[in-house]
Amino acid sequence: MNSAQIFLSISVCALAGLLMSRVCKIFKLPAVTGYLIAGILVGCFCLGSIALPGGYYLGFHAKDFSDIHGFEMICDIALGFIAFSIGSEFKLSELKKTGKQATIIGIFQAIATTLVCIAILFGLHYVLIATTGHDYLPIPAVLILSAIATATAPAATLMVVRQYKAKGPLTDLLLPIVALDDAVGLIIFAILFGAAKAIGGGGADLISIVVEPLIEIFASLIVGAILGYVLSLLEKLFHSNSNRLSLVITFIFATVAITELKNIHIGDVHIGFSSLLTCMMCGTIFCNVCECSDEMMARADGWTKPLLILFFVISGAELDLSVFTQPLFVIIGLVYILARCIGKYFGAMSSAKMTKCSPDIVKYLGITLFPQAGVALGMVSTVASDKIISSDIASVVRFVILFAVLVYEILGPVMTKWALTKAGDITAKPKDLTRRVKNTQE
């Protein structure tokens, strides 16, 4: 893809996202839903198929999504900023109030979701064999899908919270729980993915199942803590807010770059980093050490708005509508969605009751955990690139998760907004900063 096509695609993505957010506002839908729909419109199934003179296209035209892969850097950086922002929610003053509840709920609901999905998908496995005579949902696929079910989408949740200025007990508890999902999900995925490989005949070892996931988590937290502390020290050298903002942006870029290092080995052990965990920890240390962190975070949020629009539009363009051509996988996907929602809702509800949360949190917290996207797709990529897992199992996992993400990304933000509104955390419509208000005294 040449530079002219890249700039054209970026401009079309940004404009389509902004215009669709206005349409969604008419229907009182979250802006992130509009961005995702805009992505579908500029993808290969719609505007991307329209050719312009000179061999250019209005959007992304490749049916294999290869032209979208060139924009992965934008998505990686956007996720870095999102994770850094979520990390700022882990202030010690706030954690004293909600830290214990968030930890218990975060771990319990993730495990509950996995167990519910295993039970329901195992049942579907035997039903499909009995009715069709063919194993369309192998047991290794059941285990992998159940592990992926733990992951939520911090990006969509954070965007809804920001747009509607959500504030209250549910929001204070929600963001730390979403952040914890990454760590818990990594461990569960590693264990069940190893079990799936063992069942598939490829064998599994203790290093890949236990050691490497734990090293990834601890290495990410340590590196993120160091970078956050160094950032807070260097911030004192600058007195201009613009220079401080530039420093924050530089460190987020550097943090994402470090997490992209892939070929680090100590003996037989591979050392990897989670971008979400590292950036979260960097933001956590920075907001607890730096005195002006609140102001810097607010300025960074304003700077990253166009970047986040591009991220969600590109994410929407990656949604593969061809999954609808596989009716059986759509059925499996619907069962997966139902099982995951049951696990998230009742897992969050029971653990919220156990930790003596308010009735509104008990009732609505699980609904805000429904969105699923980036982390889940990353796990799918891990499955697809593995040399032990068969291509048939990888295909089942890919189709089911792609279908589920398509549904979750469109409906998830809407349900999150509804739940936060019902819980009283969204109490008024957000004010449009660009709106011109007439002086009533004239």
# chains A, B, ... in the order shown; residues from 1 in each chain; ligands from 1
call {"tool": "residues_around", "arguments": {"residues": "segment 213-229 of chain A", "least_positions_apart": "3", "cutoff": "9 Å", "atoms": "only C-alpha atoms", "output": "ChimeraX atom specification"}}
result
/A:183,186-187,190-191,207-210,232-234,251,254-255,258-259,270-287,289-290
call {"tool": "write_last_selection", "arguments": {"atoms": "N, CA and C atoms", "output": "compact mmCIF listing (two decimals), in the first residue's frame"}}
result
# COMPACT_ATOMS: atom_id res chain seq x y z
N ALA A 183 -4.69 -10.04 33.26
CA ALA A 183 -3.79 -10.93 34.00
C ALA A 183 -4.42 -12.29 34.24
N LEU A 186 -4.77 -14.26 30.94
CA LEU A 186 -3.52 -14.82 30.45
C LEU A 186 -3.23 -16.17 31.10
N ILE A 187 -3.44 -16.25 32.40
CA ILE A 187 -3.15 -17.48 33.13
C ILE A 187 -4.11 -18.60 32.71
N ALA A 190 -3.40 -19.76 29.14
CA ALA A 190 -2.17 -20.57 29.04
C ALA A 190 -2.42 -22.00 29.52
N ILE A 191 -3.14 -22.13 30.62
CA ILE A 191 -3.40 -23.47 31.19
C ILE A 191 -4.29 -24.29 30.26
N ILE A 207 6.69 -25.58 31.35
CA ILE A 207 7.22 -24.24 31.05
C ILE A 207 6.20 -23.41 30.29
N SER A 208 5.60 -23.99 29.24
CA SER A 208 4.66 -23.22 28.42
C SER A 208 3.33 -23.00 29.11
N ILE A 209 2.93 -23.92 30.01
CA ILE A 209 1.63 -23.80 30.66
C ILE A 209 1.67 -22.88 31.87
N VAL A 210 2.72 -22.96 32.66
CA VAL A 210 2.76 -22.22 33.92
C VAL A 210 3.85 -21.16 33.96
N SER A 232 7.81 9.74 36.06
CA SER A 232 7.48 10.69 37.12
C SER A 232 8.69 11.51 37.54
N LEU A 233 9.90 10.93 37.44
CA LEU A 233 11.12 11.67 37.77
C LEU A 233 11.46 12.69 36.69
N LEU A 234 11.38 12.28 35.43
CA LEU A 234 11.71 13.18 34.32
C LEU A 234 10.70 14.31 34.20
N PHE A 251 6.77 8.32 26.43
CA PHE A 251 6.92 7.13 27.26
C PHE A 251 5.90 6.06 26.91
N ALA A 254 7.30 4.41 23.92
CA ALA A 254 8.43 3.57 24.31
C ALA A 254 7.97 2.29 25.00
N THR A 255 6.94 2.40 25.84
CA THR A 255 6.41 1.23 26.54
C THR A 255 5.84 0.22 25.56
N ILE A 258 8.69 -1.57 23.74
CA ILE A 258 9.34 -2.61 24.55
C ILE A 258 8.51 -3.88 24.57
N THR A 259 7.20 -3.73 24.68
CA THR A 259 6.33 -4.91 24.74
C THR A 259 6.27 -5.66 23.41
N HIS A 270 10.87 -18.53 27.09
CA HIS A 270 10.65 -17.30 26.31
C HIS A 270 10.14 -16.20 27.22
N ILE A 271 10.74 -15.03 27.09
CA ILE A 271 10.33 -13.87 27.89
C ILE A 271 9.49 -12.96 27.02
N GLY A 272 8.24 -12.78 27.39
CA GLY A 272 7.34 -11.90 26.64
C GLY A 272 6.71 -10.87 27.54
N PHE A 273 6.05 -9.89 26.94
CA PHE A 273 5.40 -8.82 27.70
C PHE A 273 3.98 -8.64 27.20
N SER A 274 3.10 -8.30 28.11
CA SER A 274 1.74 -7.92 27.76
C SER A 274 1.67 -6.41 27.64
N SER A 275 1.28 -5.93 26.46
CA SER A 275 1.21 -4.48 26.25
C SER A 275 0.23 -3.84 27.21
N LEU A 276 -0.93 -4.49 27.41
CA LEU A 276 -1.94 -3.92 28.30
C LEU A 276 -1.44 -3.84 29.74
N LEU A 277 -0.85 -4.93 30.24
CA LEU A 277 -0.37 -4.93 31.62
C LEU A 277 0.76 -3.93 31.83
N THR A 278 1.70 -3.88 30.89
CA THR A 278 2.85 -2.98 31.04
C THR A 278 2.41 -1.52 31.05
N CYS A 279 1.55 -1.16 30.09
CA CYS A 279 1.08 0.24 30.02
C CYS A 279 0.19 0.58 31.22
N MET A 280 -0.60 -0.39 31.68
CA MET A 280 -1.42 -0.15 32.87
C MET A 280 -0.55 0.14 34.09
N MET A 281 0.48 -0.67 34.28
CA MET A 281 1.35 -0.46 35.43
C MET A 281 2.11 0.85 35.33
N CYS A 282 2.52 1.22 34.12
CA CYS A 282 3.18 2.50 33.91
C CYS A 282 2.26 3.65 34.32
N GLY A 283 1.00 3.58 33.90
CA GLY A 283 0.03 4.61 34.28
C GLY A 283 -0.27 4.60 35.76
N THR A 284 -0.30 3.42 36.37
CA THR A 284 -0.58 3.31 37.80
C THR A 284 0.50 3.98 38.64
N ILE A 285 1.77 3.66 38.35
CA ILE A 285 2.88 4.26 39.10
C ILE A 285 2.93 5.77 38.87
N PHE A 286 2.73 6.18 37.63
CA PHE A 286 2.79 7.62 37.32
C PHE A 286 1.72 8.39 38.07
N CYS A 287 0.49 7.88 38.10
CA CYS A 287 -0.60 8.63 38.74
C CYS A 287 -0.48 8.63 40.26
N VAL A 289 2.62 8.66 41.84
CA VAL A 289 3.85 9.35 42.23
C VAL A 289 3.85 10.82 41.80
N CYS A 290 3.36 11.07 40.59
CA CYS A 290 3.39 12.44 40.04
C CYS A 290 2.24 13.28 40.59
call {"tool": "select_by_dssp", "arguments": {"residues": "segment 120-314 of chain A", "states": "strand (DSSP E)", "output": "list in words"}}
result
Ile264, His265, Ile266, Val269, His270 and Ile271 of chain A
call {"tool": "write_last_selection", "arguments": {"atoms": "C-alpha atoms", "output": "mmCIF file, in the first residue's frame"}}
result
data_model
loop_
_atom_site.group_PDB
_atom_site.id
_atom_site.type_symbol
_atom_site.label_atom_id
_atom_site.label_comp_id
_atom_site.auth_asym_id
_atom_site.auth_seq_id
_atom_site.Cartn_x
_atom_site.Cartn_y
_atom_site.Cartn_z
ATOM 1 C CA ILE A 264 14.025 -12.724 24.222
ATOM 2 C CA HIS A 265 14.967 -16.135 25.622
ATOM 3 C CA ILE A 266 16.670 -17.333 28.783
ATOM 4 C CA VAL A 269 12.118 -20.020 28.516
ATOM 5 C CA HIS A 270 10.648 -17.304 26.309
ATOM 6 C CA ILE A 271 10.332 -13.873 27.887
#
call {"tool": "residues_around", "arguments": {"residues": "Thr250 of chain A", "least_positions_apart": "4", "cutoff": "12 Å", "atoms": "only C-alpha atoms", "output": "list of chain:residue names"}}
result
A:Ile77, A:Gly80, A:Phe81, A:Leu227, A:Gly228, A:Leu231, A:Leu234, A:Glu235, A:Asn243, A:Arg244, A:Leu245, A:Ser246, A:Ala254, A:Thr255, A:Val256, A:Ala257, A:Ala300
call {"tool": "residues_around", "arguments": {"residues": "Phe71 of chain A", "least_positions_apart": "3", "cutoff": "10 Å", "atoms": "only C-alpha atoms", "output": "ChimeraX atom specification"}}
result
/A:6,9-10,66-68,74-76,310-311,314
call {"tool": "residues_around", "arguments": {"residues": "segment 329-339 of chain A", "least_positions_apart": "6", "cutoff": "7 Å", "atoms": "only C-alpha atoms", "output": "number ranges by chain"}}
result
A: 116-117, 120, 399-400, 403-404
call {"tool": "residues_around", "arguments": {"residues": "segment 13-16 of chain A", "least_positions_apart": "5", "cutoff": "8 Å", "atoms": "only C-alpha atoms", "output": "compact mmCIF listing (two decimals) with N, CA and C atoms, in the first residue's frame"}}
result
# COMPACT_ATOMS: atom_id res chain seq x y z
N TYR A 35 -18.40 4.34 15.57
CA TYR A 35 -17.07 4.12 15.01
C TYR A 35 -16.94 2.71 14.43
N ALA A 38 -18.92 2.43 11.30
CA ALA A 38 -18.18 3.13 10.24
C ALA A 38 -17.08 2.23 9.69
N GLY A 39 -16.44 1.46 10.58
CA GLY A 39 -15.40 0.54 10.14
C GLY A 39 -15.93 -0.51 9.19
N VAL A 42 -16.40 1.11 5.76
CA VAL A 42 -15.20 1.38 4.96
C VAL A 42 -14.42 0.10 4.68
N GLY A 59 -11.73 2.74 0.87
CA GLY A 59 -11.48 2.13 2.17
C GLY A 59 -10.52 0.97 2.05
N PRO A 306 -8.47 11.58 18.29
CA PRO A 306 -8.44 11.13 16.89
C PRO A 306 -7.83 9.74 16.73
N ILE A 309 -10.45 7.17 17.63
CA ILE A 309 -11.45 7.05 16.56
C ILE A 309 -10.93 6.11 15.48
N LEU A 310 -9.67 6.33 15.06
CA LEU A 310 -9.07 5.47 14.05
C LEU A 310 -9.00 4.02 14.53
N VAL A 313 -12.52 2.46 14.29
CA VAL A 313 -12.95 2.30 12.90
C VAL A 313 -12.18 1.16 12.24
N ILE A 314 -10.88 1.11 12.47
CA ILE A 314 -10.06 0.02 11.92
C ILE A 314 -10.51 -1.32 12.51
call {"tool": "residues_around", "arguments": {"residues": "Ala147 of chain A", "least_positions_apart": "2", "cutoff": "12 Å", "atoms": "only C-alpha atoms", "output": "ChimeraX atom specification"}}
result
/A:110-118,121,140-145,149-152,181-182,184-196,336,340,375-376,379-380,383,397,401
call {"tool": "write_last_selection", "arguments": {"atoms": "N, CA and C atoms", "output": "short mmCIF file (atom, residue, chain, number, x, y, z; two decimals), in the first residue's frame"}}
result
data_model
loop_
_atom_site.label_atom_id
_atom_site.label_comp_id
_atom_site.auth_asym_id
_atom_site.auth_seq_id
_atom_site.Cartn_x
_atom_site.Cartn_y
_atom_site.Cartn_z
N ALA A 110 -14.07 -14.28 36.27
CA ALA A 110 -13.31 -14.86 35.16
C ALA A 110 -13.33 -16.39 35.23
N ILE A 111 -13.10 -16.94 36.44
CA ILE A 111 -13.12 -18.39 36.60
C ILE A 111 -14.53 -18.94 36.37
N ALA A 112 -15.54 -18.22 36.88
CA ALA A 112 -16.93 -18.66 36.70
C ALA A 112 -17.30 -18.69 35.22
N THR A 113 -16.87 -17.69 34.47
CA THR A 113 -17.16 -17.64 33.04
C THR A 113 -16.55 -18.83 32.31
N THR A 114 -15.31 -19.14 32.66
CA THR A 114 -14.63 -20.28 32.04
C THR A 114 -15.37 -21.59 32.33
N LEU A 115 -15.75 -21.79 33.58
CA LEU A 115 -16.42 -23.04 33.97
C LEU A 115 -17.78 -23.17 33.30
N VAL A 116 -18.54 -22.06 33.25
CA VAL A 116 -19.86 -22.10 32.60
C VAL A 116 -19.71 -22.42 31.11
N CYS A 117 -18.74 -21.79 30.45
CA CYS A 117 -18.52 -22.03 29.02
C CYS A 117 -18.09 -23.48 28.77
N ILE A 118 -17.22 -24.02 29.63
CA ILE A 118 -16.81 -25.41 29.48
C ILE A 118 -18.02 -26.34 29.57
N LEU A 121 -20.47 -25.63 26.41
CA LEU A 121 -19.87 -26.01 25.13
C LEU A 121 -19.59 -27.51 25.07
N PRO A 140 -10.65 -29.89 22.27
CA PRO A 140 -9.64 -28.83 22.37
C PRO A 140 -10.20 -27.44 22.06
N ALA A 141 -11.11 -27.37 21.07
CA ALA A 141 -11.73 -26.08 20.74
C ALA A 141 -12.62 -25.60 21.88
N VAL A 142 -13.29 -26.52 22.55
CA VAL A 142 -14.12 -26.17 23.71
C VAL A 142 -13.26 -25.52 24.79
N LEU A 143 -12.11 -26.11 25.08
CA LEU A 143 -11.23 -25.58 26.12
C LEU A 143 -10.66 -24.22 25.73
N ILE A 144 -10.27 -24.06 24.47
CA ILE A 144 -9.70 -22.78 24.02
C ILE A 144 -10.75 -21.68 24.05
N LEU A 145 -11.94 -21.96 23.55
CA LEU A 145 -13.02 -20.97 23.55
C LEU A 145 -13.39 -20.57 24.98
N ALA A 149 -13.04 -16.79 26.64
CA ALA A 149 -14.25 -16.15 27.17
C ALA A 149 -13.97 -15.23 28.36
N THR A 150 -12.85 -15.43 29.05
CA THR A 150 -12.54 -14.58 30.20
C THR A 150 -12.26 -13.13 29.80
N ALA A 151 -11.74 -12.93 28.60
CA ALA A 151 -11.26 -11.61 28.18
C ALA A 151 -12.41 -10.64 27.94
N THR A 152 -12.23 -9.40 28.38
CA THR A 152 -13.17 -8.33 28.08
C THR A 152 -12.47 -7.27 27.24
N ASP A 181 -8.78 -8.44 34.28
CA ASP A 181 -9.13 -9.49 33.34
C ASP A 181 -7.94 -9.93 32.49
N ASP A 182 -7.07 -8.98 32.16
CA ASP A 182 -5.93 -9.30 31.29
C ASP A 182 -5.01 -10.29 31.99
N VAL A 184 -5.68 -12.30 34.70
CA VAL A 184 -6.37 -13.56 34.97
C VAL A 184 -6.57 -14.35 33.67
N GLY A 185 -6.96 -13.63 32.61
CA GLY A 185 -7.19 -14.27 31.33
C GLY A 185 -5.93 -14.91 30.76
N LEU A 186 -4.77 -14.26 30.94
CA LEU A 186 -3.52 -14.82 30.45
C LEU A 186 -3.23 -16.17 31.10
N ILE A 187 -3.44 -16.25 32.40
CA ILE A 187 -3.15 -17.48 33.13
C ILE A 187 -4.11 -18.60 32.71
N ILE A 188 -5.41 -18.29 32.69
CA ILE A 188 -6.41 -19.30 32.32
C ILE A 188 -6.19 -19.77 30.88
N PHE A 189 -5.92 -18.82 29.98
CA PHE A 189 -5.70 -19.19 28.58
C PHE A 189 -4.48 -20.09 28.44
N ALA A 190 -3.40 -19.76 29.14
CA ALA A 190 -2.17 -20.57 29.04
C ALA A 190 -2.42 -22.00 29.52
N ILE A 191 -3.14 -22.13 30.62
CA ILE A 191 -3.40 -23.47 31.19
C ILE A 191 -4.29 -24.29 30.26
N LEU A 192 -5.42 -23.71 29.83
CA LEU A 192 -6.36 -24.47 28.99
C LEU A 192 -5.82 -24.68 27.57
N PHE A 193 -5.03 -23.73 27.08
CA PHE A 193 -4.42 -23.90 25.76
C PHE A 193 -3.42 -25.04 25.80
N GLY A 194 -2.66 -25.14 26.89
CA GLY A 194 -1.74 -26.26 27.05
C GLY A 194 -2.47 -27.58 27.14
N ALA A 195 -3.60 -27.58 27.87
CA ALA A 195 -4.40 -28.80 27.97
C ALA A 195 -4.97 -29.20 26.61
N ALA A 196 -5.39 -28.20 25.83
CA ALA A 196 -5.94 -28.47 24.50
C ALA A 196 -4.89 -29.10 23.60
N TYR A 336 -21.90 -19.81 22.33
CA TYR A 336 -20.73 -19.26 23.04
C TYR A 336 -21.06 -17.91 23.68
N ARG A 340 -21.05 -17.27 27.66
CA ARG A 340 -20.14 -16.26 28.23
C ARG A 340 -20.92 -15.21 29.00
N VAL A 375 -8.15 -8.27 23.16
CA VAL A 375 -7.42 -9.34 23.85
C VAL A 375 -7.85 -10.70 23.31
N ALA A 376 -9.14 -10.87 23.07
CA ALA A 376 -9.65 -12.14 22.54
C ALA A 376 -9.07 -12.43 21.16
N MET A 379 -5.57 -13.65 21.42
CA MET A 379 -5.51 -15.07 21.77
C MET A 379 -5.79 -15.94 20.56
N VAL A 380 -6.71 -15.50 19.71
CA VAL A 380 -7.01 -16.24 18.47
C VAL A 380 -5.76 -16.30 17.59
N VAL A 383 -3.46 -18.95 18.81
CA VAL A 383 -3.93 -20.29 18.42
C VAL A 383 -3.60 -20.56 16.96
N VAL A 397 -12.17 -22.08 16.24
CA VAL A 397 -11.96 -21.01 17.22
C VAL A 397 -12.04 -19.65 16.54
N ILE A 401 -15.04 -16.89 17.44
CA ILE A 401 -14.64 -15.64 18.11
C ILE A 401 -14.90 -14.43 17.21
#
call {"tool": "select_by_dssp", "arguments": {"residues": "segment 56-244 of chain A", "states": "helix (DSSP H, G or I)", "output": "compact mmCIF listing (two decimals) with C-alpha atoms, in the first residue's frame"}}
result
# COMPACT_ATOMS: atom_id res chain seq x y z
CA SER A 66 -4.04 -7.73 4.31
CA ASP A 67 -4.28 -3.97 3.67
CA ILE A 68 -5.62 -3.45 7.21
CA HIS A 69 -2.60 -5.18 8.72
CA GLU A 72 -1.75 -2.45 13.21
CA MET A 73 0.74 0.07 14.58
CA ILE A 74 -2.10 2.58 15.10
CA CYS A 75 -4.11 -0.04 16.99
CA ASP A 76 -1.12 -1.02 19.15
CA ILE A 77 -0.42 2.59 20.13
CA ALA A 78 -4.12 3.28 20.79
CA LEU A 79 -4.34 0.26 23.09
CA GLY A 80 -1.24 1.53 24.86
CA PHE A 81 -2.91 4.86 25.60
CA ILE A 82 -6.11 3.10 26.70
CA ALA A 83 -4.22 0.83 29.07
CA PHE A 84 -2.18 3.76 30.44
CA SER A 85 -5.41 5.64 31.10
CA ILE A 86 -7.01 2.66 32.85
CA GLY A 87 -3.87 2.34 34.98
CA LEU A 92 -4.00 4.02 46.31
CA SER A 93 -6.61 6.32 47.81
CA GLU A 94 -9.31 4.68 45.71
CA LEU A 95 -7.97 1.13 46.01
CA LYS A 96 -8.37 1.33 49.78
CA LYS A 97 -12.11 1.55 49.14
CA THR A 98 -12.58 -0.85 46.22
CA GLY A 99 -9.31 -2.81 45.86
CA LYS A 100 -10.41 -5.91 47.77
CA GLN A 101 -13.81 -6.05 46.08
CA ALA A 102 -12.33 -5.53 42.60
CA THR A 103 -9.74 -8.27 43.12
CA ILE A 104 -12.23 -10.85 44.38
CA ILE A 105 -14.83 -10.05 41.72
CA GLY A 106 -12.24 -9.86 38.93
CA ILE A 107 -10.83 -13.31 39.67
CA PHE A 108 -14.14 -15.01 40.57
CA GLN A 109 -16.12 -13.84 37.55
CA ALA A 110 -13.31 -14.86 35.16
CA ILE A 111 -13.12 -18.39 36.60
CA ALA A 112 -16.93 -18.66 36.70
CA THR A 113 -17.16 -17.64 33.04
CA THR A 114 -14.63 -20.28 32.04
CA LEU A 115 -16.42 -23.04 33.97
CA VAL A 116 -19.86 -22.10 32.60
CA CYS A 117 -18.52 -22.03 29.02
CA ILE A 118 -16.81 -25.41 29.48
CA ALA A 119 -20.05 -26.98 30.76
CA ILE A 120 -22.31 -25.53 28.04
CA LEU A 121 -19.87 -26.01 25.13
CA PHE A 122 -19.14 -29.57 26.24
CA GLY A 123 -22.89 -30.22 26.07
CA LEU A 124 -23.02 -28.69 22.59
CA HIS A 125 -20.06 -30.87 21.56
CA TYR A 126 -22.02 -34.04 22.30
CA VAL A 127 -25.27 -32.67 20.83
CA LEU A 128 -23.56 -31.90 17.51
CA ILE A 129 -22.02 -35.38 17.37
CA ALA A 130 -25.39 -37.01 18.12
CA THR A 131 -27.32 -34.93 15.55
CA THR A 132 -24.80 -34.63 12.71
CA ILE A 139 -12.89 -30.83 22.87
CA PRO A 140 -9.64 -28.83 22.37
CA ALA A 141 -11.73 -26.08 20.74
CA VAL A 142 -14.12 -26.17 23.71
CA LEU A 143 -11.23 -25.58 26.12
CA ILE A 144 -9.70 -22.78 24.02
CA LEU A 145 -13.02 -20.97 23.55
CA SER A 146 -13.75 -21.24 27.28
CA ALA A 147 -10.37 -19.68 28.07
CA ILE A 148 -10.84 -16.83 25.59
CA PRO A 154 -11.18 -2.35 28.05
CA ALA A 155 -11.20 0.01 25.07
CA ALA A 156 -14.96 -0.03 24.46
CA THR A 157 -15.72 0.21 28.18
CA LEU A 158 -13.39 3.16 28.71
CA MET A 159 -14.80 5.04 25.71
CA VAL A 160 -18.36 4.72 27.03
CA VAL A 161 -17.24 5.89 30.48
CA ARG A 162 -15.47 8.91 28.98
CA GLN A 163 -18.21 9.91 26.56
CA PRO A 169 -19.62 3.21 42.63
CA LEU A 170 -20.13 0.94 39.63
CA THR A 171 -17.64 2.83 37.44
CA ASP A 172 -15.07 2.95 40.24
CA LEU A 173 -15.28 -0.83 40.54
CA LEU A 174 -15.62 -1.60 36.83
CA LEU A 175 -12.34 -0.20 35.49
CA PRO A 176 -10.04 -2.08 37.92
CA ILE A 177 -11.97 -5.31 37.23
CA VAL A 178 -11.58 -4.87 33.46
CA ALA A 179 -7.87 -4.28 34.01
CA LEU A 180 -7.53 -7.44 36.12
CA ASP A 181 -9.13 -9.49 33.34
CA ASP A 182 -5.93 -9.30 31.29
CA ALA A 183 -3.79 -10.93 34.00
CA VAL A 184 -6.37 -13.56 34.97
CA GLY A 185 -7.19 -14.27 31.33
CA LEU A 186 -3.52 -14.82 30.45
CA ILE A 187 -3.15 -17.48 33.13
CA ILE A 188 -6.41 -19.30 32.32
CA PHE A 189 -5.70 -19.19 28.58
CA ALA A 190 -2.17 -20.57 29.04
CA ILE A 191 -3.40 -23.47 31.19
CA LEU A 192 -6.36 -24.47 28.99
CA PHE A 193 -4.42 -23.90 25.76
CA GLY A 194 -1.74 -26.26 27.05
CA ALA A 195 -4.40 -28.80 27.97
CA ALA A 196 -5.94 -28.47 24.50
CA LYS A 197 -2.57 -29.18 22.89
CA ALA A 198 -2.05 -32.20 25.13
CA ILE A 199 -5.49 -33.60 24.24
CA LEU A 206 5.19 -27.13 32.44
CA ILE A 207 7.22 -24.24 31.05
CA SER A 208 4.66 -23.22 28.42
CA ILE A 209 1.63 -23.80 30.66
CA VAL A 210 2.76 -22.22 33.92
CA VAL A 211 6.24 -20.67 33.87
CA GLU A 212 6.06 -18.47 30.75
CA PRO A 213 2.61 -16.94 31.52
CA LEU A 214 3.73 -16.07 35.06
CA ILE A 215 6.98 -14.60 33.76
CA GLU A 216 5.03 -12.54 31.22
CA ILE A 217 2.78 -11.12 33.92
CA PHE A 218 5.57 -10.30 36.40
CA ALA A 219 7.94 -9.00 33.72
CA SER A 220 5.21 -6.71 32.38
CA LEU A 221 4.43 -5.36 35.84
CA ILE A 222 8.11 -4.78 36.69
CA VAL A 223 8.97 -3.07 33.39
CA GLY A 224 5.81 -0.95 33.57
CA ALA A 225 6.59 0.09 37.16
CA ILE A 226 10.13 1.11 36.23
CA LEU A 227 8.98 3.14 33.23
CA GLY A 228 6.22 4.81 35.26
CA TYR A 229 8.67 5.80 38.00
CA VAL A 230 11.25 7.13 35.52
CA LEU A 231 8.47 9.10 33.81
CA SER A 232 7.48 10.69 37.12
CA LEU A 233 11.12 11.67 37.77
CA LEU A 234 11.71 13.18 34.32
CA GLU A 235 8.41 15.08 34.50
CA ASN A 241 2.46 21.57 30.16
CA SER A 242 3.08 20.98 26.46
CA ASN A 243 6.53 19.53 27.20
CA ARG A 244 5.11 17.36 29.97
call {"tool": "closest_residue", "arguments": {"among": "A:Glu318, A:Met415, A:Ile388, A:Thr368", "to": "Met349 of chain A", "atoms": "only C-alpha atoms"}}
result
A:Thr368
call {"tool": "closest_residue", "arguments": {"among": "A:His134, A:Met297, A:Ser395, A:Ala166", "to": "Ser88 of chain A", "atoms": "only C-alpha atoms"}}
result
A:Met297
call {"tool": "atom_distance", "arguments": {"atom1": "atom CA of Tyr408 of chain A", "atom2": "atom CA of Pro30 of chain A"}}
result
13.5 Å
call {"tool": "closest_residue", "arguments": {"among": "A:Ile249, A:Ala317, A:Lys387, A:Lys353", "to": "His61 of chain A", "atoms": "only C-alpha atoms"}}
result
A:Ala317
call {"tool": "atom_distance", "arguments": {"atom1": "atom CA of Val32 of chain A", "atom2": "atom CA of Tyr56 of chain A"}}
result
27.5 Å
call {"tool": "atom_distance", "arguments": {"atom1": "atom CA of Tyr164 of chain A", "atom2": "atom CA of Gln372 of chain A"}}
result
20.0 Å
call {"tool": "decode", "arguments": {"residues": "segment 320-342 of chain A", "atoms": "C-alpha atoms", "output": "mmCIF file, in the first residue's frame"}}
result
data_model
loop_
_atom_site.group_PDB
_atom_site.id
_atom_site.type_symbol
_atom_site.label_atom_id
_atom_site.label_comp_id
_atom_site.auth_asym_id
_atom_site.auth_seq_id
_atom_site.Cartn_x
_atom_site.Cartn_y
_atom_site.Cartn_z
ATOM 1 C CA ASP A 320 -15.229 -10.427 9.026
ATOM 2 C CA LEU A 321 -18.831 -10.575 7.789
ATOM 3 C CA SER A 322 -18.074 -13.790 5.905
ATOM 4 C CA VAL A 323 -18.727 -15.681 9.156
ATOM 5 C CA PHE A 324 -22.421 -15.447 8.292
ATOM 6 C CA THR A 325 -21.776 -17.821 5.375
ATOM 7 C CA GLN A 326 -21.099 -20.607 7.901
ATOM 8 C CA PRO A 327 -24.518 -21.239 9.576
ATOM 9 C CA LEU A 328 -23.218 -23.989 11.861
ATOM 10 C CA PHE A 329 -20.470 -21.744 13.241
ATOM 11 C CA VAL A 330 -23.032 -18.986 13.726
ATOM 12 C CA ILE A 331 -25.036 -21.400 15.912
ATOM 13 C CA ILE A 332 -21.901 -22.334 17.864
ATOM 14 C CA GLY A 333 -21.105 -18.626 18.151
ATOM 15 C CA LEU A 334 -24.552 -17.837 19.533
ATOM 16 C CA VAL A 335 -24.191 -20.590 22.144
ATOM 17 C CA TYR A 336 -20.729 -19.257 23.038
ATOM 18 C CA ILE A 337 -22.106 -15.718 23.435
ATOM 19 C CA LEU A 338 -24.955 -16.964 25.612
ATOM 20 C CA ALA A 339 -22.646 -19.097 27.773
ATOM 21 C CA ARG A 340 -20.143 -16.263 28.228
ATOM 22 C CA CYS A 341 -22.854 -13.755 29.135
ATOM 23 C CA ILE A 342 -24.298 -16.173 31.705
#
